[in-house]
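S.K.: I'd like to ask you about the structure that follows.
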Amino acid sequence: MHLGCMILFLFLASFDVASQSLPKLTPRQLAVNQLVNASRILASQGVADDCAGHISIRDPLSSDTFLITGGSRTPAQVTPADVTVARINDSQVISAALEDHEPPIRPAEIFIHSSIYQRFPNSTVNSIAYYQAEQLLPWSLFSSDSAGINTSLVTTDDLTGFFATTSGASFLGPHPAPVFSIFDDDPDAATIAVDDVAKGFSLATRFGPADATVASVNETDGFRPLVLMRNDGATVVGTTVPEVTFRFVQAVKSARIQHHASMLSAQNGSVPRFVPAQAIKSSDEYLRSWLLWISQVENAMAADVARSPELWAGSGNAAGTGAGSENAASMKGPLSKGLALIVICTTISLASLLSL
């Protein structure tokens with residue numbers, strides 16, 4: 001047998017053995033588990049604190065609904081019981097994501113999610129996160145009148161725009177992140193919250209044309225994965241929950257770097273060199289970071305499961321059956337499932353190499 005095929009066979013065999021010892025999750029449980037992990041990771045990474053914020057994913061059981069973290073707990077304390085099912089067309093809460101739980105409190109800004117899901121297909125947007133990240137707020141305070149500028153044309157006058165400074169933030173594209181302001185449409189608005197359909201629709205348009213693809217991020221009128229929100233925070237979109245989480249963390253890191261670079265620029269008038277268009281990426285290599293971050297929140301999650309196991313129970317089956325201690329236990333092991341994911345991804349990568 002060819003050596004490469006032998007190695008691939010051994011990888012597949014090892015995964016088959018490992019998978020037999022892993023808890024079996026329903027599609028709804030997998031989605032809920034990712035949202036809980038992401039919420040706690042974003043809190044751990046300093047993106048989310050006690051302010052408003054939530055993350056969502058399209059419902060794996062229905063194209064008409066999505067799952068979103070809600071309730072009254074902070075992002076660092078979110079449990080499966082805090083994930084709700086809402087309709088895309090009218091933002092109405094249908095039920096809790098897992099059975100045996102009361103529907104969590106609907107986030108006031110749920111219209112952010114429903115409006116974006118309506119505007120873009122799942123091949124472009126499958127997950128959305130909105131948080132009041134203070135690191136990004138300074139750039140939300142300036143109008144984005146440099147939208148036609150790309151990183152090769154930036155001058156010192158454009159440094160109030162938010163650009164990509166690192167490879168991790170290159171998903172932003174070569175243009176400054178758009179800034180959404182509720183006050184552009186309603187100068188007399190009494191709140192900055194995106195708390196109705198009209199505001200949600202207006203925000204959704206800032207991510208680009210409805211037919212824009214993720215590959216159009218380099219284009220002047222292309223897709224924009226991150227939109228800053230005046231006096232509020234930012235909304236980030238992507239195709240998976242781990243990708244959106246990675247993007248939010250990388251955007252915050254890039255904001256810190258740009259802040260320091262701008263201070264240095266003020267000393268001598270030079271312009272920071274942002275990521276050029278040819279180095280922009282429309283997809284992210286987030287697996288390594290995602291698995292590390294899960295390991296960092298795992299102990300706190302395990303302690304919460306032990307303290308309140310009822311908040312982690314429920315299978316999320318369409319028929320609403322199958323809750324119990326086995327399902328509660330299945331939500332305990334983000335790291336073990338992560339290790340299985342490593343095997344899968346390693347196998348896929350190895351298979352790709354062997355096919356060359």
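Going through the structure tokens in order, the chains are called A, B, and so on, while each chain numbers its residues from 1 and the ligands are numbered from 1 in the order shown.
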Please identify all polymer residues within 12 Å of Ala303 (chain A), counting only C-alpha atoms, omitting same-chain residues fewer than 4 positions from it, and present them as a list of chain:residue names.
M.R.: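 Answer for this query is A:Gln77, A:Thr79, A:Val297, A:Glu298, A:Asn299, A:Arg307, A:Ser308, A:Pro309, A:Trp312, A:Lys332, A:Gly333.
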S.K.: With region 256-264 of chain A as the partner and 12 Å as the cut-off, tabulate the residues of region 75-140 of chain A that qualify, each row holding the nearest pair of atoms and their distance in Å to one decimal, using only C-alpha atoms, sorted by chain and rising number, as JSON lines.
M.R.:
{"residue": "A:Ala133", "atom": "CA", "partner": "A:Arg256", "partner_atom": "CA", "distance": 11.8}
{"residue": "A:Glu134", "atom": "CA", "partner": "A:Arg256", "partner_atom": "CA", "distance": 10.6}
{"residue": "A:Gln135", "atom": "CA", "partner": "A:Arg256", "partner_atom": "CA", "distance": 6.9}
{"residue": "A:Leu136", "atom": "CA", "partner": "A:Arg256", "partner_atom": "CA", "distance": 8.6}
{"residue": "A:Leu137", "atom": "CA", "partner": "A:Arg256", "partner_atom": "CA", "distance": 11.3}
{"residue": "A:Pro138", "atom": "CA", "partner": "A:His259", "partner_atom": "CA", "distance": 9.3}
{"residue": "A:Trp139", "atom": "CA", "partner": "A:His259", "partner_atom": "CA", "distance": 9.7}
S.K.: Given the selection you just returned, output its residues as a file containing N, CA and C atoms, formatted as an mmCIF file, in the first residue's frame.
M.R.:
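After the write, again10.cif holds the following:
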data_model
loop_
_atom_site.group_PDB
_atom_site.id
_atom_site.type_symbol
_atom_site.label_atom_id
_atom_site.label_comp_id
_atom_site.auth_asym_id
_atom_site.auth_seq_id
_atom_site.Cartn_x
_atom_site.Cartn_y
_atom_site.Cartn_z
ATOM 1 N N ALA A 133 -17.868 46.462 21.784
ATOM 2 C CA ALA A 133 -16.433 46.370 22.054
ATOM 3 C C ALA A 133 -15.826 47.767 22.146
ATOM 4 N N GLU A 134 -15.357 48.125 23.326
ATOM 5 C CA GLU A 134 -14.861 49.490 23.527
ATOM 6 C C GLU A 134 -13.612 49.775 22.697
ATOM 7 N N GLN A 135 -12.867 48.727 22.322
ATOM 8 C CA GLN A 135 -11.654 48.938 21.530
ATOM 9 C C GLN A 135 -11.977 49.450 20.128
ATOM 10 N N LEU A 136 -13.179 49.149 19.635
ATOM 11 C CA LEU A 136 -13.567 49.568 18.287
ATOM 12 C C LEU A 136 -14.353 50.876 18.277
ATOM 13 N N LEU A 137 -14.830 51.277 19.438
ATOM 14 C CA LEU A 137 -15.697 52.458 19.514
ATOM 15 C C LEU A 137 -15.062 53.749 18.995
ATOM 16 N N PRO A 138 -13.765 54.008 19.248
ATOM 17 C CA PRO A 138 -13.205 55.277 18.757
ATOM 18 C C PRO A 138 -13.406 55.491 17.261
ATOM 19 N N TRP A 139 -13.297 54.424 16.465
ATOM 20 C CA TRP A 139 -13.444 54.573 15.013
ATOM 21 C C TRP A 139 -14.906 54.712 14.594
#
S.K.: At a cut-off of 6 Å, using only C-alpha atoms, what residues contact region 53-69 of chain A? Leave out same-chain residues fewer than 4 positions from it and give the result as a list in words.
M.R.: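 Selected residues are Asp82, Val83, Thr84, Val85, Ala86, Arg87, Ile88, Asn126, Ser127, Ile128, Ala129, Tyr130 and Tyr131 of chain A.
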S.K.: What are the DSSP strand (DSSP E or B) residues of region 76-323 of chain A, as a PyMOL selection string?
M.R.: chain A and resi 83-87+93-96+127-131+179-180+226-229+233-238
S.K.: Choose the residue, out of A:Asp186, A:Asp90, A:Asp304, A:Asp221, that has the smallest atom-to-atom separation from Gly173 (chain A); count only C-alpha atoms.
M.R.: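 Using only C-alpha atoms, the shortest distance to Gly173 (chain A) belongs to A:Asp221.
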S.K.: List every residue of region 59-121 of chain A that has an atom at most 10 Å from any atom of region 229-237 of chain A, giving for each one its closest atom pair and the distance in Å to one decimal, counting only C-alpha atoms, sorted by chain and then by ascending residue number, as JSON lines.
M.R.:
{"residue": "A:Ile112", "atom": "CA", "partner": "A:Thr235", "partner_atom": "CA", "distance": 8.3}
{"residue": "A:His113", "atom": "CA", "partner": "A:Thr235", "partner_atom": "CA", "distance": 9.3}
{"residue": "A:Ile116", "atom": "CA", "partner": "A:Val237", "partner_atom": "CA", "distance": 8.8}
{"residue": "A:Tyr117", "atom": "CA", "partner": "A:Val237", "partner_atom": "CA", "distance": 9.9}
S.K.: Excluding same-chain residues fewer than 5 positions from Pro103 (chain A), what lies within 8 Å of it counting only C-alpha atoms, as a list in words?
M.R.: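 Listed by chain and then number, they are Asp82, Thr84, Val93, Ile94, Ser95, Ala96 and Ala97 of chain A.
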S.K.: Using Å and a single decimal, report how far CA of Leu172 (chain A) sits from CA of Asp284 (chain A).
M.R.: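 About the pair CA of Asp284 (chain A) and CA of Leu172 (chain A): they are 11.0 Å apart.
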S.K.: Please measure the separation of CA of Ala31 (chain A) and CA of Ala198 (chain A), giving the value in Å to one decimal.
M.R.: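 Distance reported for this atom pair: 28.3 Å.
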S.K.: To one decimal place in Å, what is the distance between CA of Leu226 (chain A) and CA of Arg28 (chain A)?
M.R.: 26.4 Å
S.K.: Determine which residues of region 226-312 of chain A DSSP labels as helix (DSSP H, G or I) from the backbone of this structure, then write them out as an MDAnalysis selection string.
M.R.: chainID A and resid 241:268 277:279 287:307 309:312
S.K.: Those same residues - C-alpha atoms - I'd like them written as a compact mmCIF listing (two decimals), in the first residue's frame.
M.R.:
# COMPACT_ATOMS: atom_id res chain seq x y z
CA VAL A 241 -19.52 30.77 14.54
CA PRO A 242 -15.77 30.13 15.03
CA GLU A 243 -15.00 32.38 12.06
CA VAL A 244 -17.10 35.24 13.43
CA THR A 245 -15.49 34.82 16.85
CA PHE A 246 -12.02 34.85 15.31
CA ARG A 247 -12.83 37.95 13.27
CA PHE A 248 -14.11 39.90 16.26
CA VAL A 249 -11.01 39.09 18.31
CA GLN A 250 -8.69 39.95 15.41
CA ALA A 251 -10.53 43.22 14.76
CA VAL A 252 -10.02 44.25 18.38
CA LYS A 253 -6.32 43.40 18.15
CA SER A 254 -6.04 45.39 14.94
CA ALA A 255 -7.74 48.35 16.62
CA ARG A 256 -5.12 48.41 19.36
CA ILE A 257 -2.33 48.24 16.80
CA GLN A 258 -3.80 51.02 14.67
CA HIS A 259 -4.22 53.19 17.75
CA HIS A 260 -0.51 52.91 18.57
CA ALA A 261 0.49 53.31 14.92
CA SER A 262 -1.56 56.49 14.66
CA MET A 263 0.18 57.90 17.72
CA LEU A 264 3.56 57.20 16.11
CA SER A 265 2.32 58.74 12.88
CA ALA A 266 1.46 61.94 14.72
CA GLN A 267 5.10 62.26 15.73
CA ASN A 268 6.55 62.46 12.23
CA ALA A 277 -5.16 44.54 -1.37
CA GLN A 278 -3.16 41.59 -2.71
CA ALA A 279 -2.76 40.20 0.83
CA LEU A 287 -9.13 26.47 13.94
CA ARG A 288 -5.93 26.79 15.98
CA SER A 289 -7.18 29.88 17.80
CA TRP A 290 -10.67 28.45 18.33
CA LEU A 291 -9.35 25.29 20.01
CA LEU A 292 -7.00 27.28 22.23
CA TRP A 293 -9.77 29.62 23.31
CA ILE A 294 -12.11 26.72 24.09
CA SER A 295 -9.47 25.18 26.35
CA GLN A 296 -9.23 28.51 28.19
CA VAL A 297 -12.93 28.63 29.05
CA GLU A 298 -13.46 24.90 29.56
CA ASN A 299 -12.88 24.84 33.32
CA ALA A 300 -15.37 27.63 33.99
CA MET A 301 -17.93 25.88 31.80
CA ALA A 302 -17.43 22.57 33.58
CA ALA A 303 -17.92 24.30 36.93
CA ASP A 304 -21.16 25.87 35.70
CA VAL A 305 -22.42 22.52 34.44
CA ALA A 306 -21.73 20.93 37.83
CA ARG A 307 -23.40 23.80 39.65
CA PRO A 309 -26.85 20.95 35.26
CA GLU A 310 -30.47 21.75 34.43
CA LEU A 311 -29.33 24.77 32.38
CA TRP A 312 -27.31 22.49 30.11
S.K.: With distances taken over only C-alpha atoms, which residue among A:Ser283, A:Val271, A:Ile192, A:Ala108 lies nearest Asp158 (chain A)?
M.R.: A:Val271
